[in-house]
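Single-structure report; data block below.
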Amino acid sequence: MYALFPRSRQAAAWLVPMSLTAGICEEIVFRGLVPSWAEHISAMFSGPAWAPLVASAVTFSAAHLYQGWRGVVLTGVLGGYLYLLTVHAGSLRPAMAVHALIDLRISALSLVIGPLPAQVVAVPPQG
């Protein structure tokens, strides 16, 4: 979480549009395009039906390496959940909304406690 936490009020103002954009764009890529490609490739080689789920979770977690290993694992689990939500709903919209809300929690927290000092933010995540 520290990797994205704002260092100034000006940076905090950008968190809301960034959160909304990530919620939309990352879901298009990681729950739309990646699983579609994985499903196509898996079908070509008679692969497992769960390949799109794994592809979605693994690529999503890999895109969040800056969060440290704990963040990667948690993001992978979240990616699998968002994939299943997308399949169940038949639409990317619910996953987009959940993703944006999760990201917006940092914006809300920064409004409550204010920006963190640079020395706190610079500490890499443990785990």
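Here's how to read the names in the structure tokens: chain A, B, ... by the order shown, residue numbers from 1 in each chain, ligand numbers from 1 in the order shown.
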Where does range 63-95 of chain A meet range 33-57 of chain A within 12 Å, residue by residue, with the nearest atom pair and distance in Å to one decimal for each, counting only C-alpha atoms, listed by chain and rising number, as a tab-separated table?
```
residue	atom	partner	partner_atom	distance
A:Ala63	CA	A:Ala57	CA	10.1
A:His64	CA	A:Ala57	CA	11.0
A:Val72	CA	A:Ala57	CA	9.9
A:Val73	CA	A:Ala57	CA	9.5
A:Leu74	CA	A:Ala57	CA	10.0
A:Thr75	CA	A:Ala57	CA	7.7
A:Gly76	CA	A:Ala57	CA	4.7
A:Val77	CA	A:Ala57	CA	6.7
A:Leu78	CA	A:Ala57	CA	7.5
A:Gly79	CA	A:Ala57	CA	4.4
A:Gly80	CA	A:Ala57	CA	4.9
A:Tyr81	CA	A:Ala57	CA	8.4
A:Leu82	CA	A:Ala57	CA	8.7
A:Tyr83	CA	A:Leu53	CA	6.3
A:Leu84	CA	A:Leu53	CA	7.6
A:Leu85	CA	A:Leu53	CA	10.9
A:Thr86	CA	A:Leu53	CA	10.6
A:Val87	CA	A:Leu53	CA	9.7
A:Leu92	CA	A:Leu33	CA	11.0
```
(message) I need the helix (DSSP H, G or I) residues of chain A per DSSP on the backbone, written as number ranges by chain.
(response) A: 9-44, 51-62, 65-89, 93-113, 118-121
(message) as a VMD selection string, please: the residues near range 94-99 of chain A (cut-off 6 Å, only C-alpha atoms, same-chain neighbours under 4 positions excluded).
(response) chain A and resid 23 to 24 27 82
Residues of the last selection are to be written out with C-alpha atoms, as a PDB file, in the first residue's frame.
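Result file follows (part.pdb):
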```
ATOM      1  CA  GLY A  23     -10.384  -0.249 -12.370  1.00  0.00           C
ATOM      2  CA  ILE A  24     -11.541   0.081 -15.950  1.00  0.00           C
ATOM      3  CA  GLU A  27     -10.090  -5.185 -15.970  1.00  0.00           C
ATOM      4  CA  LEU A  82     -12.371 -10.861 -10.187  1.00  0.00           C
TER       5      LEU A  82
END
```
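Atom pair CA of Val58 in chain A / CA of Ile106 in chain A has a distance of 23.4 Å (rounded to one decimal).
Separating CA of Pro6 in chain A from CA of Thr21 in chain A is a distance of 16.9 Å.
Across the model, the gap from CA of Leu15 in chain A to CA of Leu109 in chain A is 10.9 Å.
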Test item: residues at most 12 Å from Ile113 in chain A, only C-alpha atoms, excluding those fewer than 4 positions along its chain, as a JSON list (two decimals) with N, CA and C atoms, in the first residue's frame:
```json
[["chain", "number", "residue", "atom", "x", "y", "z"],
["A", 5, "PHE", "N", 0.77, 5.25, -1.83],
["A", 5, "PHE", "CA", 0.28, 6.27, -0.91],
["A", 5, "PHE", "C", 0.87, 7.62, -1.28],
["A", 6, "PRO", "N", 0.04, 8.66, -1.32],
["A", 6, "PRO", "CA", 0.53, 9.98, -1.77],
["A", 6, "PRO", "C", 1.51, 10.60, -0.80],
["A", 7, "ARG", "N", 2.43, 11.37, -1.36],
["A", 7, "ARG", "CA", 3.41, 12.10, -0.56],
["A", 7, "ARG", "C", 3.02, 13.56, -0.38],
["A", 8, "SER", "N", 1.95, 13.98, -1.09],
["A", 8, "SER", "CA", 1.48, 15.37, -0.98],
["A", 8, "SER", "C", -0.02, 15.41, -1.24],
["A", 9, "ARG", "N", -0.64, 16.53, -0.90],
["A", 9, "ARG", "CA", -2.08, 16.71, -1.18],
["A", 9, "ARG", "C", -2.32, 16.71, -2.70],
["A", 12, "ALA", "N", -2.40, 13.23, -3.83],
["A", 12, "ALA", "CA", -3.63, 12.59, -3.36],
["A", 12, "ALA", "C", -4.80, 12.90, -4.29],
["A", 106, "ILE", "N", -7.34, 3.76, -0.79],
["A", 106, "ILE", "CA", -6.12, 4.52, -0.51],
["A", 106, "ILE", "C", -6.44, 6.02, -0.56],
["A", 107, "SER", "N", -7.27, 6.42, -1.51],
["A", 107, "SER", "CA", -7.68, 7.83, -1.59],
["A", 107, "SER", "C", -8.41, 8.25, -0.33],
["A", 108, "ALA", "N", -9.33, 7.42, 0.12],
["A", 108, "ALA", "CA", -10.09, 7.73, 1.33],
["A", 108, "ALA", "C", -9.18, 7.81, 2.54],
["A", 109, "LEU", "N", -8.28, 6.87, 2.65],
["A", 109, "LEU", "CA", -7.36, 6.86, 3.78],
["A", 109, "LEU", "C", -6.47, 8.09, 3.77],
["A", 117, "PRO", "N", 4.88, 11.11, 5.29],
["A", 117, "PRO", "CA", 6.20, 11.70, 5.06],
["A", 117, "PRO", "C", 7.00, 10.83, 4.09]]
```
